[in-house]
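*Asks:* Just one file: input20.txt, with compact mmCIF, C-alpha atoms and all ligand atoms.
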# COMPACT_ATOMS: atom_id res chain seq x y z
CA MET Z 1 65.60 13.94 -35.50
CA LYS Z 2 62.39 15.34 -33.95
CA ILE Z 3 59.14 13.38 -34.19
CA TRP Z 4 55.64 14.50 -33.19
CA ILE Z 5 52.96 11.83 -32.74
CA LYS Z 6 49.77 13.89 -32.66
CA ASN Z 7 46.52 13.02 -30.94
CA VAL Z 8 47.39 9.43 -30.05
CA ARG Z 9 45.96 7.13 -27.41
CA ALA Z 10 48.97 6.10 -25.35
CA LEU Z 11 49.80 3.67 -22.55
CA VAL Z 12 51.36 5.85 -19.86
CA PRO Z 13 52.36 5.43 -16.21
CA CYS Z 14 49.82 7.13 -13.93
CA ALA Z 15 49.97 7.07 -10.12
CA GLY Z 16 51.97 3.83 -10.07
CA LYS Z 17 49.65 2.10 -12.55
CA LEU Z 18 49.26 1.94 -16.33
CA ALA Z 19 46.60 4.10 -17.96
CA VAL Z 20 45.49 4.89 -21.51
CA GLN Z 21 45.39 8.65 -22.17
CA THR Z 22 45.24 10.78 -25.31
CA CYS Z 23 48.67 12.34 -25.76
CA SER Z 24 50.74 14.35 -28.18
CA ILE Z 25 54.17 12.74 -27.94
CA VAL Z 26 57.28 14.67 -28.95
CA THR Z 27 60.70 13.07 -29.25
CA ASP Z 28 63.91 15.01 -29.73
CA GLY Z 29 67.06 13.08 -30.51
CA ASP Z 30 67.02 9.88 -28.46
CA THR Z 31 64.60 11.13 -25.77
CA ILE Z 32 60.86 11.63 -25.17
CA VAL Z 33 60.58 15.37 -24.40
CA SER Z 34 56.84 15.82 -23.94
CA LEU Z 35 53.50 14.04 -23.90
CA ASP Z 36 51.38 17.17 -24.37
CA GLY Z 37 52.80 18.57 -27.62
CA THR Z 38 55.17 21.01 -25.92
CA GLY Z 39 58.23 21.55 -28.10
CA ALA Z 40 56.55 20.24 -31.25
CA GLU Z 41 57.82 23.13 -33.40
CA ASN Z 42 60.08 22.29 -36.35
CA CYS Z 43 59.61 18.52 -36.18
CA ASP Z 44 61.18 16.43 -38.95
CA ARG Z 45 58.23 14.09 -38.96
CA VAL Z 46 54.62 14.48 -37.86
CA ILE Z 47 52.59 11.28 -37.40
CA ASP Z 48 48.79 11.43 -37.24
CA GLY Z 49 48.08 9.22 -34.20
CA SER Z 50 44.28 9.30 -34.38
CA LYS Z 51 44.04 5.66 -35.52
CA LEU Z 52 47.10 4.44 -33.58
CA PHE Z 53 47.86 3.21 -30.06
CA ALA Z 54 51.28 4.15 -28.66
CA ILE Z 55 52.94 1.80 -26.22
CA PRO Z 56 56.50 1.72 -24.86
CA GLY Z 57 58.71 -0.39 -27.12
CA LEU Z 58 58.58 -3.96 -25.78
CA VAL Z 59 61.62 -5.32 -23.94
CA ASN Z 60 62.56 -8.90 -24.76
CA ALA Z 61 64.49 -9.69 -21.58
CA HIS Z 62 65.90 -13.06 -22.63
CA SER Z 63 66.84 -14.07 -26.14
CA HIS Z 64 69.41 -15.80 -28.30
CA ALA Z 65 68.58 -13.90 -31.50
CA TYR Z 66 71.12 -15.82 -33.63
CA MET Z 67 69.20 -19.04 -32.85
CA SER Z 68 66.44 -17.87 -35.19
CA LEU Z 69 68.49 -20.03 -37.57
CA PHE Z 70 67.34 -23.16 -35.71
CA ARG Z 71 63.63 -22.32 -35.81
CA ASN Z 72 61.51 -25.48 -36.17
CA SER Z 73 64.56 -27.70 -36.63
CA ALA Z 74 64.55 -29.59 -33.28
CA ASP Z 75 61.06 -29.86 -31.82
CA ASP Z 76 59.14 -32.30 -29.63
CA LEU Z 77 62.36 -33.53 -27.96
CA PRO Z 78 63.42 -33.94 -24.29
CA PHE Z 79 65.34 -30.90 -22.98
CA MET Z 80 68.83 -32.43 -22.68
CA THR Z 81 68.49 -34.23 -26.07
CA TRP Z 82 67.29 -30.97 -27.61
CA LEU Z 83 70.28 -29.03 -26.22
CA PHE Z 84 73.22 -31.45 -26.37
CA ASP Z 85 72.31 -33.71 -29.33
CA ARG Z 86 70.54 -31.32 -31.68
CA ILE Z 87 71.25 -27.63 -31.04
CA MET Z 88 74.89 -27.67 -29.89
CA PRO Z 89 76.18 -29.77 -32.87
CA MET Z 90 74.63 -27.24 -35.29
CA GLU Z 91 76.13 -24.37 -33.27
CA ASP Z 92 79.54 -26.00 -33.57
CA ARG Z 93 79.26 -25.76 -37.38
CA LEU Z 94 78.65 -22.00 -37.36
CA ARG Z 95 81.42 -19.81 -38.78
CA PRO Z 96 82.37 -16.25 -37.85
CA GLY Z 97 80.04 -13.93 -39.77
CA ASP Z 98 77.08 -16.34 -39.84
CA CYS Z 99 75.47 -14.95 -36.72
CA TYR Z 100 75.43 -11.44 -38.18
CA TRP Z 101 72.72 -12.62 -40.59
CA THR Z 102 70.90 -14.93 -38.21
CA THR Z 103 70.79 -12.22 -35.51
CA LEU Z 104 69.37 -9.80 -38.08
CA LEU Z 105 66.71 -12.43 -38.86
CA GLY Z 106 65.71 -12.29 -35.19
CA ILE Z 107 65.84 -8.48 -35.17
CA CYS Z 108 63.50 -8.28 -38.22
CA GLU Z 109 60.97 -10.44 -36.39
CA MET Z 110 61.33 -8.49 -33.14
CA LEU Z 111 60.88 -5.09 -34.81
CA ARG Z 112 57.87 -6.30 -36.77
CA SER Z 113 56.26 -7.42 -33.50
CA GLY Z 114 56.99 -4.24 -31.56
CA THR Z 115 60.16 -5.10 -29.63
CA THR Z 116 62.72 -2.30 -29.38
CA THR Z 117 65.26 -3.75 -26.91
CA PHE Z 118 66.56 -7.24 -26.22
CA LEU Z 119 68.92 -8.87 -23.76
CA ASP Z 120 70.86 -11.39 -25.80
CA MET Z 121 73.11 -14.30 -24.92
CA PHE Z 122 75.20 -15.51 -27.84
CA MET Z 123 78.24 -17.51 -28.93
CA MET Z 124 79.83 -15.57 -31.80
CA PRO Z 125 81.60 -12.40 -30.70
CA ASP Z 126 81.30 -9.34 -32.92
CA ASP Z 127 78.42 -10.65 -35.10
CA THR Z 128 75.65 -9.73 -32.66
CA ALA Z 129 77.13 -6.29 -31.95
CA ARG Z 130 77.41 -5.53 -35.69
CA ALA Z 131 73.82 -6.65 -36.29
CA VAL Z 132 72.55 -4.41 -33.48
CA ALA Z 133 74.72 -1.47 -34.56
CA ASP Z 134 73.61 -1.72 -38.22
CA SER Z 135 69.89 -2.29 -37.52
CA GLY Z 136 69.38 0.58 -35.07
CA MET Z 137 67.96 -1.72 -32.36
CA ARG Z 138 68.81 -1.35 -28.69
CA ALA Z 139 70.39 -4.36 -26.99
CA VAL Z 140 72.24 -5.57 -23.95
CA LEU Z 141 74.84 -8.01 -25.22
CA SER Z 142 76.14 -10.88 -23.14
CA ARG Z 143 78.68 -13.37 -24.49
CA GLY Z 144 77.79 -16.90 -23.35
CA LEU Z 145 80.50 -18.31 -21.04
CA GLN Z 146 81.25 -21.85 -19.90
CA GLY Z 147 84.11 -23.27 -17.82
CA GLU Z 148 85.02 -26.22 -15.60
CA THR Z 149 87.87 -24.64 -13.60
CA ALA Z 150 88.93 -21.14 -12.49
CA ASP Z 151 91.25 -20.80 -15.51
CA ASP Z 152 89.55 -23.21 -17.97
CA ALA Z 153 91.22 -22.51 -21.36
CA GLY Z 154 87.95 -22.32 -23.35
CA GLY Z 155 86.30 -20.31 -20.60
CA MET Z 156 89.16 -17.81 -20.51
CA ARG Z 157 89.06 -17.43 -24.31
CA ARG Z 158 85.31 -16.67 -24.19
CA LEU Z 159 85.89 -14.15 -21.41
CA ARG Z 160 88.63 -12.46 -23.49
CA GLU Z 161 86.22 -12.29 -26.46
CA ALA Z 162 83.54 -10.76 -24.24
CA LYS Z 163 86.00 -8.07 -23.13
CA GLN Z 164 87.07 -7.40 -26.74
CA ASP Z 165 83.43 -6.76 -27.74
CA ILE Z 166 82.99 -4.43 -24.79
CA THR Z 167 86.12 -2.46 -25.71
CA ALA Z 168 85.18 -2.35 -29.41
CA TYR Z 169 81.52 -1.30 -29.06
CA SER Z 170 81.21 0.70 -25.83
CA GLY Z 171 80.07 4.21 -26.67
CA LEU Z 172 79.41 3.34 -30.33
CA ALA Z 173 75.97 2.95 -31.96
CA ASP Z 174 74.72 6.11 -30.19
CA GLY Z 175 74.90 4.31 -26.84
CA ARG Z 176 72.32 1.70 -27.90
CA ILE Z 177 74.60 -1.20 -26.96
CA THR Z 178 75.40 -2.06 -23.34
CA PHE Z 179 76.87 -5.22 -21.88
CA MET Z 180 76.52 -7.95 -19.27
CA LEU Z 181 78.53 -11.14 -18.79
CA ALA Z 182 76.64 -14.39 -19.35
CA PRO Z 183 77.82 -17.46 -17.46
CA HIS Z 184 75.54 -19.95 -19.25
CA ALA Z 185 74.14 -21.98 -16.34
CA PRO Z 186 75.11 -23.65 -13.04
CA TYR Z 187 75.50 -26.99 -14.87
CA THR Z 188 77.95 -25.60 -17.48
CA CYS Z 189 79.94 -23.23 -15.20
CA ALA Z 190 81.73 -24.64 -12.15
CA PRO Z 191 81.77 -22.39 -9.03
CA ALA Z 192 85.53 -21.75 -9.44
CA TYR Z 193 84.97 -20.47 -12.99
CA LEU Z 194 81.99 -18.39 -11.84
CA GLU Z 195 84.29 -16.68 -9.35
CA THR Z 196 86.58 -15.72 -12.25
CA VAL Z 197 83.57 -14.34 -14.16
CA ILE Z 198 82.37 -12.39 -11.10
CA GLY Z 199 85.89 -10.91 -10.74
CA THR Z 200 85.75 -9.72 -14.36
CA ALA Z 201 82.23 -8.29 -13.92
CA ASP Z 202 83.48 -6.41 -10.83
CA GLU Z 203 86.43 -5.07 -12.80
CA LEU Z 204 84.21 -3.93 -15.72
CA GLY Z 205 81.35 -2.73 -13.49
CA ILE Z 206 78.70 -4.69 -15.41
CA GLY Z 207 75.87 -7.08 -14.55
CA ILE Z 208 75.27 -10.80 -14.99
CA HIS Z 209 72.81 -12.59 -17.29
CA THR Z 210 72.40 -16.31 -16.70
CA HIS Z 211 70.07 -19.31 -17.00
CA LEU Z 212 68.94 -20.56 -13.60
CA ALA Z 213 66.76 -23.37 -12.21
CA GLU Z 214 65.35 -24.16 -15.64
CA SER Z 215 64.68 -27.90 -15.51
CA ARG Z 216 64.24 -30.72 -13.01
CA SER Z 217 67.40 -32.41 -14.30
CA GLU Z 218 69.37 -29.23 -13.47
CA ILE Z 219 68.01 -29.32 -9.90
CA GLU Z 220 69.01 -33.01 -9.55
CA THR Z 221 72.49 -32.48 -11.05
CA ILE Z 222 73.27 -29.53 -8.77
CA ARG Z 223 71.89 -31.28 -5.67
CA GLU Z 224 73.99 -34.39 -6.38
CA LYS Z 225 77.15 -32.35 -6.94
CA TYR Z 226 76.80 -29.57 -4.37
CA GLY Z 227 73.98 -30.58 -2.00
CA CYS Z 228 71.89 -27.45 -2.58
CA THR Z 229 69.60 -25.77 -5.11
CA PRO Z 230 71.03 -23.85 -8.10
CA VAL Z 231 69.82 -20.56 -6.56
CA GLU Z 232 71.54 -21.37 -3.23
CA LEU Z 233 74.72 -22.30 -5.13
CA MET Z 234 74.73 -19.00 -7.07
CA GLU Z 235 74.26 -17.05 -3.85
CA LYS Z 236 77.22 -18.89 -2.27
CA THR Z 237 79.51 -18.11 -5.23
CA GLY Z 238 78.73 -14.38 -4.84
CA LEU Z 239 77.09 -14.08 -8.26
CA PHE Z 240 74.19 -12.05 -6.85
CA ASN Z 241 76.54 -9.38 -5.50
CA ARG Z 242 76.41 -8.01 -9.06
CA HIS Z 243 73.19 -6.82 -10.76
CA THR Z 244 71.77 -10.16 -11.95
CA ALA Z 245 69.11 -11.05 -14.50
CA ALA Z 246 68.26 -14.76 -14.23
CA ALA Z 247 66.32 -16.48 -17.00
CA HIS Z 248 63.70 -19.16 -16.33
CA CYS Z 249 63.72 -19.72 -12.52
CA VAL Z 250 61.10 -22.42 -13.04
CA GLN Z 251 62.05 -24.79 -10.23
CA LEU Z 252 62.16 -22.64 -7.09
CA THR Z 253 61.77 -23.36 -3.38
CA GLN Z 254 60.35 -20.80 -0.94
CA ASN Z 255 63.93 -20.23 0.24
CA ASP Z 256 65.05 -19.64 -3.38
CA ILE Z 257 62.35 -16.96 -3.80
CA ARG Z 258 63.53 -15.27 -0.58
CA ILE Z 259 67.15 -15.32 -1.83
CA LEU Z 260 66.14 -13.81 -5.21
CA ARG Z 261 64.17 -11.05 -3.46
CA ASP Z 262 66.85 -10.27 -0.86
CA ASN Z 263 69.49 -10.01 -3.58
CA ASP Z 264 67.30 -7.95 -5.94
CA VAL Z 265 67.69 -10.52 -8.72
CA SER Z 266 65.38 -9.97 -11.70
CA VAL Z 267 63.62 -13.09 -12.95
CA LEU Z 268 63.27 -13.31 -16.74
CA THR Z 269 60.34 -15.59 -17.36
CA ASN Z 270 59.96 -17.35 -20.74
CA PRO Z 271 56.55 -19.04 -20.79
CA SER Z 272 56.65 -20.52 -24.32
CA SER Z 273 60.14 -21.93 -24.03
CA ASN Z 274 59.54 -23.46 -20.59
CA LEU Z 275 56.27 -25.01 -21.72
CA LYS Z 276 57.66 -26.26 -25.03
CA LEU Z 277 60.65 -27.97 -23.43
CA GLY Z 278 58.41 -29.59 -20.83
CA ASN Z 279 59.96 -27.69 -17.95
CA GLY Z 280 56.81 -26.10 -16.53
CA PHE Z 281 56.92 -22.34 -15.87
CA ALA Z 282 58.17 -19.88 -13.28
CA PRO Z 283 55.98 -19.29 -10.18
CA VAL Z 284 55.25 -15.71 -11.28
CA PRO Z 285 52.34 -15.00 -8.86
CA GLU Z 286 54.53 -16.08 -5.93
CA LEU Z 287 57.50 -14.04 -7.22
CA LEU Z 288 55.35 -10.91 -7.65
CA GLU Z 289 53.82 -11.45 -4.22
CA ALA Z 290 57.33 -11.65 -2.72
CA GLY Z 291 58.32 -8.41 -4.48
CA VAL Z 292 60.73 -9.92 -7.03
CA ASN Z 293 61.10 -7.96 -10.29
CA VAL Z 294 59.70 -10.09 -13.14
CA ALA Z 295 60.65 -9.44 -16.77
CA LEU Z 296 59.50 -11.32 -19.84
CA GLY Z 297 61.46 -12.94 -22.66
CA THR Z 298 61.04 -15.18 -25.66
CA ASP Z 299 64.24 -17.22 -25.29
CA GLY Z 300 65.69 -18.38 -28.64
CA ALA Z 301 63.60 -19.40 -31.62
CA ALA Z 302 64.90 -22.96 -31.22
CA SER Z 303 62.77 -23.32 -28.10
CA ASN Z 304 59.78 -21.07 -28.73
CA ASN Z 305 59.68 -20.87 -31.94
CA THR Z 306 59.06 -17.16 -32.36
CA LEU Z 307 60.44 -13.92 -30.90
CA ASN Z 308 56.98 -12.35 -30.73
CA MET Z 309 56.49 -10.72 -27.31
CA PHE Z 310 52.71 -10.42 -27.76
CA HIS Z 311 52.54 -14.21 -27.68
CA GLU Z 312 54.49 -14.23 -24.39
CA ILE Z 313 52.37 -11.47 -22.79
CA ASN Z 314 49.27 -13.46 -23.68
CA LEU Z 315 50.64 -16.71 -22.23
CA LEU Z 316 51.89 -14.99 -19.08
CA ALA Z 317 48.43 -13.53 -18.49
CA LEU Z 318 46.73 -16.91 -19.08
CA ILE Z 319 48.77 -19.84 -17.75
CA HIS Z 320 48.77 -18.87 -14.07
CA LYS Z 321 45.03 -18.24 -14.12
CA GLY Z 322 44.61 -21.81 -15.34
CA THR Z 323 46.96 -23.48 -12.89
CA HIS Z 324 45.83 -21.44 -9.89
CA ALA Z 325 42.14 -21.74 -10.86
CA ASP Z 326 41.97 -18.00 -10.21
CA ALA Z 327 40.95 -15.52 -12.93
CA VAL Z 328 42.63 -12.54 -11.24
CA THR Z 329 46.12 -14.10 -10.96
CA VAL Z 330 48.69 -12.23 -13.14
CA THR Z 331 46.55 -9.41 -14.51
CA SER Z 332 46.88 -7.88 -17.97
CA ALA Z 333 48.65 -4.89 -16.31
CA GLU Z 334 51.16 -7.21 -14.61
CA ALA Z 335 51.84 -9.11 -17.85
CA VAL Z 336 52.34 -5.88 -19.84
CA THR Z 337 54.52 -4.43 -17.05
CA ALA Z 338 56.78 -7.51 -17.23
CA ALA Z 339 57.22 -6.82 -20.97
CA THR Z 340 58.03 -3.14 -20.44
CA LEU Z 341 59.10 -1.67 -17.07
CA GLY Z 342 60.05 -5.05 -15.61
CA GLY Z 343 62.39 -5.56 -18.55
CA ALA Z 344 63.80 -2.04 -18.19
CA LYS Z 345 64.69 -2.74 -14.56
CA ALA Z 346 66.22 -6.12 -15.37
CA LEU Z 347 68.34 -4.55 -18.11
CA ASP Z 348 69.08 -1.44 -16.01
CA LEU Z 349 68.09 0.97 -18.82
CA PRO Z 350 65.96 4.18 -18.92
CA ILE Z 351 63.31 2.59 -21.16
CA GLY Z 352 60.00 0.72 -20.78
CA ALA Z 353 57.64 3.70 -20.27
CA LEU Z 354 56.18 6.55 -22.29
CA ALA Z 355 57.35 9.31 -19.98
CA VAL Z 356 59.34 12.52 -20.33
CA GLY Z 357 63.06 11.83 -20.04
CA LYS Z 358 62.85 8.16 -21.07
CA LYS Z 359 64.52 6.96 -24.25
CA ALA Z 360 62.40 7.46 -27.39
CA ASP Z 361 61.55 3.77 -27.90
CA ILE Z 362 57.92 3.69 -29.06
CA THR Z 363 55.72 1.12 -30.77
CA LEU Z 364 52.60 2.27 -32.62
CA LEU Z 365 49.77 -0.22 -33.13
CA ASP Z 366 47.15 0.07 -35.87
CA LEU Z 367 43.75 0.48 -34.23
CA THR Z 368 41.94 -0.25 -37.48
CA CYS Z 369 42.73 -3.98 -37.09
CA PRO Z 370 39.51 -5.88 -36.29
CA GLN Z 371 40.97 -7.57 -33.20
CA MET Z 372 41.55 -4.12 -31.63
CA ASN Z 373 37.87 -3.17 -31.87
CA PRO Z 374 35.80 -1.98 -30.17
CA PRO Z 375 38.69 -0.15 -28.45
CA THR Z 376 37.03 -0.60 -25.07
CA ASN Z 377 40.08 -1.38 -22.91
CA LEU Z 378 43.36 -1.07 -24.78
CA LEU Z 379 45.43 -2.40 -21.88
CA SER Z 380 43.37 -5.59 -21.97
CA SER Z 381 43.75 -5.75 -25.73
CA LEU Z 382 47.55 -5.92 -25.35
CA ALA Z 383 47.29 -8.99 -23.14
CA PHE Z 384 44.33 -10.78 -24.63
CA SER Z 385 43.61 -9.80 -28.24
CA ALA Z 386 46.66 -8.27 -29.93
CA ASN Z 387 49.04 -10.68 -31.68
CA GLY Z 388 51.78 -8.39 -33.04
CA SER Z 389 50.31 -8.06 -36.53
CA GLU Z 390 48.95 -4.64 -35.42
CA VAL Z 391 52.47 -3.17 -35.21
CA ASP Z 392 52.59 -0.33 -37.74
CA THR Z 393 55.56 1.85 -36.77
CA VAL Z 394 58.51 1.32 -34.42
CA ILE Z 395 60.82 4.03 -33.12
CA VAL Z 396 64.10 3.16 -31.38
CA ASN Z 397 66.35 5.81 -29.83
CA GLY Z 398 64.36 8.47 -31.71
CA LYS Z 399 64.73 6.87 -35.16
CA ILE Z 400 61.99 5.17 -37.16
CA LEU Z 401 63.09 1.58 -37.86
CA LEU Z 402 59.69 0.28 -38.99
CA ASP Z 403 57.73 2.84 -40.98
CA LYS Z 404 54.15 1.82 -41.86
CA ARG Z 405 55.25 -1.85 -41.74
CA LYS Z 406 58.42 -1.29 -43.83
CA LEU Z 407 61.85 -1.89 -42.27
CA THR Z 408 63.98 1.18 -42.91
CA THR Z 409 67.47 -0.04 -41.95
CA ILE Z 410 67.49 -3.74 -42.87
CA ASP Z 411 67.42 -5.46 -46.26
CA GLU Z 412 64.99 -8.13 -45.07
CA GLU Z 413 65.04 -10.15 -48.31
CA ARG Z 414 68.84 -10.47 -48.14
CA VAL Z 415 68.70 -11.41 -44.44
CA ILE Z 416 66.26 -14.24 -45.17
CA PHE Z 417 68.30 -15.43 -48.17
CA GLU Z 418 71.60 -15.49 -46.22
CA SER Z 419 70.01 -17.17 -43.18
CA ASN Z 420 68.48 -19.95 -45.26
CA ARG Z 421 71.83 -20.46 -47.04
CA ILE Z 422 73.64 -20.79 -43.69
CA TYR Z 423 71.01 -23.25 -42.43
CA GLU Z 424 71.64 -25.57 -45.41
CA ARG Z 425 75.33 -25.71 -44.38
CA VAL Z 426 74.95 -26.30 -40.63
CA LYS Z 427 71.89 -28.57 -40.50
CA ALA Z 428 72.44 -32.11 -39.26
ZN ZN G 1 68.05 -19.03 -22.97
If you convert what's in this file into structure tokens, what do you get?

*Replies:*
Amino acid sequence: MKIWIKNVRALVPCAGKLAVQTCSIVTDGDTIVSLDGTGAENCDRVIDGSKLFAIPGLVNAHSHAYMSLFRNSADDLPFMTWLFDRIMPMEDRLRPGDCYWTTLLGICEMLRSGTTTFLDMFMMPDDTARAVADSGMRAVLSRGLQGETADDAGGMRRLREAKQDITAYSGLADGRITFMLAPHAPYTCAPAYLETVIGTADELGIGIHTHLAESRSEIETIREKYGCTPVELMEKTGLFNRHTAAAHCVQLTQNDIRILRDNDVSVLTNPSSNLKLGNGFAPVPELLEAGVNVALGTDGAASNNTLNMFHEINLLALIHKGTHADAVTVTSAEAVTAATLGGAKALDLPIGALAVGKKADITLLDLTCPQMNPPTNLLSSLAFSANGSEVDTVIVNGKILLDKRKLTTIDEERVIFESNRIYERVKA
């Protein structure tokens, strides 16, 4: 399919920064082939961009899309109570097939709010991959892994399931699905088991997605058990020898930040989730200052309670200004970069920018919405005034998945019906 978005204001990379320029974007197949209208002959679809704003599809760098099922069902609770007493018992009642629908629920919300790619950690093998394949979204899939010993029976089963997904889906879905392995966290994966996971990642040549240094109780548990910080422990196990994307990284020492930088670990910050669970938030200004790649995620809807990246961009651009008493800390450009190019780097994919040769993942915002006017500084509007309701059209891998606010590949009514039916069965 060839698409021509004519005469559109677009957020493009320009001399190492982000700039808004009037473009004429042409996509051919899964790729952006020009920004100046070159090659626009014989397009299958021409979109008048005069009242639209084109941005790179947003990258949700940390999610558990299936957990959309648990939205608003366990709130205002301490972190460990939330996880072990409320969320995990409901997860245990899920059946194979359930997470196909609940992941699609998350995908509907992400597409409607301009996200085109997500890095997902999940429990049910196959369901997430099918949901991504059927919806047309792009995703990096990472089966959640836990284990107490090097050959922990449950841990080995999960690792086998991860490999089965990789074998089954690699190269399918037009290359939209790639994989990482996801050892859940330092407090659910013993070092011996992590070494097994690292061995498998080496063998498969894929990266690692994990939760790291999320809460104070994690810091205390790891210090009591191993006499070091979670980041120091992960470095010792050799986890960072693979490409690593680490979610949260809220509780960091100066030495932790140095380790993350020296090992080129991407930090996936999740402002809403960290705030909601009373964990604080990642020291993003200090990470950026040190040269660490920062990406942005929503985490699951059980701890957010939305998968709307505009909400996260807004929070990221605001919270550090407040705590540092400094209005220039984490600029709108830095917050938007975390949601686009920062995510692309963390996920190791050729996405996150409107540039020739990048994948054709494009979000078009409706500039006739009142909150986008006057259109004085559209980069600022992304960080400070947009809320996701402006998203009009979403293109992923060169295909239109949201067309003038209508989902083209997903039966949204059925997804909501099935998800609500599943919730009635698994709720406590
Ligand atoms: Zn998470």

*Asks:* Using only C-alpha atoms and all ligand atoms, I'd like a table of the residues in chain Z that come within 10 Å of ligand ZN 1 (chain G); for each, show the closest atom pair and its distance in Å rounded to one decimal, ordered by chain and ascending number, as JSON lines.

*Replies:*
{"residue": "Z:His62", "atom": "CA", "partner": "G:ZN1", "partner_atom": "ZN", "distance": 6.4}
{"residue": "Z:Ser63", "atom": "CA", "partner": "G:ZN1", "partner_atom": "ZN", "distance": 6.0}
{"residue": "Z:His64", "atom": "CA", "partner": "G:ZN1", "partner_atom": "ZN", "distance": 6.4}
{"residue": "Z:Ala65", "atom": "CA", "partner": "G:ZN1", "partner_atom": "ZN", "distance": 10.0}
{"residue": "Z:Met67", "atom": "CA", "partner": "G:ZN1", "partner_atom": "ZN", "distance": 9.9}
{"residue": "Z:Asp120", "atom": "CA", "partner": "G:ZN1", "partner_atom": "ZN", "distance": 8.6}
{"residue": "Z:Met121", "atom": "CA", "partner": "G:ZN1", "partner_atom": "ZN", "distance": 7.2}
{"residue": "Z:Phe122", "atom": "CA", "partner": "G:ZN1", "partner_atom": "ZN", "distance": 9.3}
{"residue": "Z:Gly144", "atom": "CA", "partner": "G:ZN1", "partner_atom": "ZN", "distance": 10.0}
{"residue": "Z:His184", "atom": "CA", "partner": "G:ZN1", "partner_atom": "ZN", "distance": 8.4}
{"residue": "Z:Ala185", "atom": "CA", "partner": "G:ZN1", "partner_atom": "ZN", "distance": 9.5}
{"residue": "Z:His209", "atom": "CA", "partner": "G:ZN1", "partner_atom": "ZN", "distance": 9.8}
{"residue": "Z:Thr210", "atom": "CA", "partner": "G:ZN1", "partner_atom": "ZN", "distance": 8.1}
{"residue": "Z:His211", "atom": "CA", "partner": "G:ZN1", "partner_atom": "ZN", "distance": 6.3}
{"residue": "Z:Leu212", "atom": "CA", "partner": "G:ZN1", "partner_atom": "ZN", "distance": 9.5}
{"residue": "Z:Glu214", "atom": "CA", "partner": "G:ZN1", "partner_atom": "ZN", "distance": 9.3}
{"residue": "Z:Ala246", "atom": "CA", "partner": "G:ZN1", "partner_atom": "ZN", "distance": 9.7}
{"residue": "Z:Ala247", "atom": "CA", "partner": "G:ZN1", "partner_atom": "ZN", "distance": 6.7}
{"residue": "Z:His248", "atom": "CA", "partner": "G:ZN1", "partner_atom": "ZN", "distance": 7.9}
{"residue": "Z:Leu268", "atom": "CA", "partner": "G:ZN1", "partner_atom": "ZN", "distance": 9.7}
{"residue": "Z:Asn270", "atom": "CA", "partner": "G:ZN1", "partner_atom": "ZN", "distance": 8.6}
{"residue": "Z:Ser273", "atom": "CA", "partner": "G:ZN1", "partner_atom": "ZN", "distance": 8.5}
{"residue": "Z:Asn274", "atom": "CA", "partner": "G:ZN1", "partner_atom": "ZN", "distance": 9.9}
{"residue": "Z:Gly297", "atom": "CA", "partner": "G:ZN1", "partner_atom": "ZN", "distance": 9.0}
{"residue": "Z:Thr298", "atom": "CA", "partner": "G:ZN1", "partner_atom": "ZN", "distance": 8.4}
{"residue": "Z:Asp299", "atom": "CA", "partner": "G:ZN1", "partner_atom": "ZN", "distance": 4.8}
{"residue": "Z:Gly300", "atom": "CA", "partner": "G:ZN1", "partner_atom": "ZN", "distance": 6.2}
{"residue": "Z:Ala301", "atom": "CA", "partner": "G:ZN1", "partner_atom": "ZN", "distance": 9.7}
{"residue": "Z:Ala302", "atom": "CA", "partner": "G:ZN1", "partner_atom": "ZN", "distance": 9.7}
{"residue": "Z:Ser303", "atom": "CA", "partner": "G:ZN1", "partner_atom": "ZN", "distance": 8.5}

*Asks:* So what do you get for CA of Lys359 in chain Z versus CA of Ala335 in chain Z, distance-wise?

*Replies:*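 These two atoms are separated by 21.4 Å.
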
*Asks:* State, in Å with one decimal place, the distance from CA of Leu316 in chain Z to CA of Ala344 in chain Z.

*Replies:*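 Separating CA of Leu316 in chain Z from CA of Ala344 in chain Z is a distance of 17.6 Å.
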
*Asks:* What separation in Å, quoted to one decimal, exists between CA of Gly342 in chain Z and CA of Leu354 in chain Z?

*Replies:*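 Separating CA of Gly342 in chain Z from CA of Leu354 in chain Z is a distance of 13.9 Å.
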
*Asks:* Counting all atoms listed in the file, figure out which residue out of Z:Leu341, Z:Val284, Z:Ile3, Z:Leu11 gets nearest to Ser381 in chain Z.

*Replies:*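 Looking at the shortest contact to Ser381 in chain Z, the residue is Z:Leu11.
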
*Asks:* Dump as a tab-separated table the rows for residues of range 334-394 of chain Z within 10 Å of range 126-143 of chain Z: closest atom pair and distance in Å with one decimal, all atoms listed in the file counted, ordered by chain and rising residue number.

*Replies:*
residue	atom	partner	partner_atom	distance
Z:Leu347	CA	Z:Val140	CA	7.1
Z:Asp348	CA	Z:Val140	CA	9.5
Z:Leu349	CA	Z:Val140	CA	9.3
Z:Asp361	CA	Z:Arg138	CA	8.9
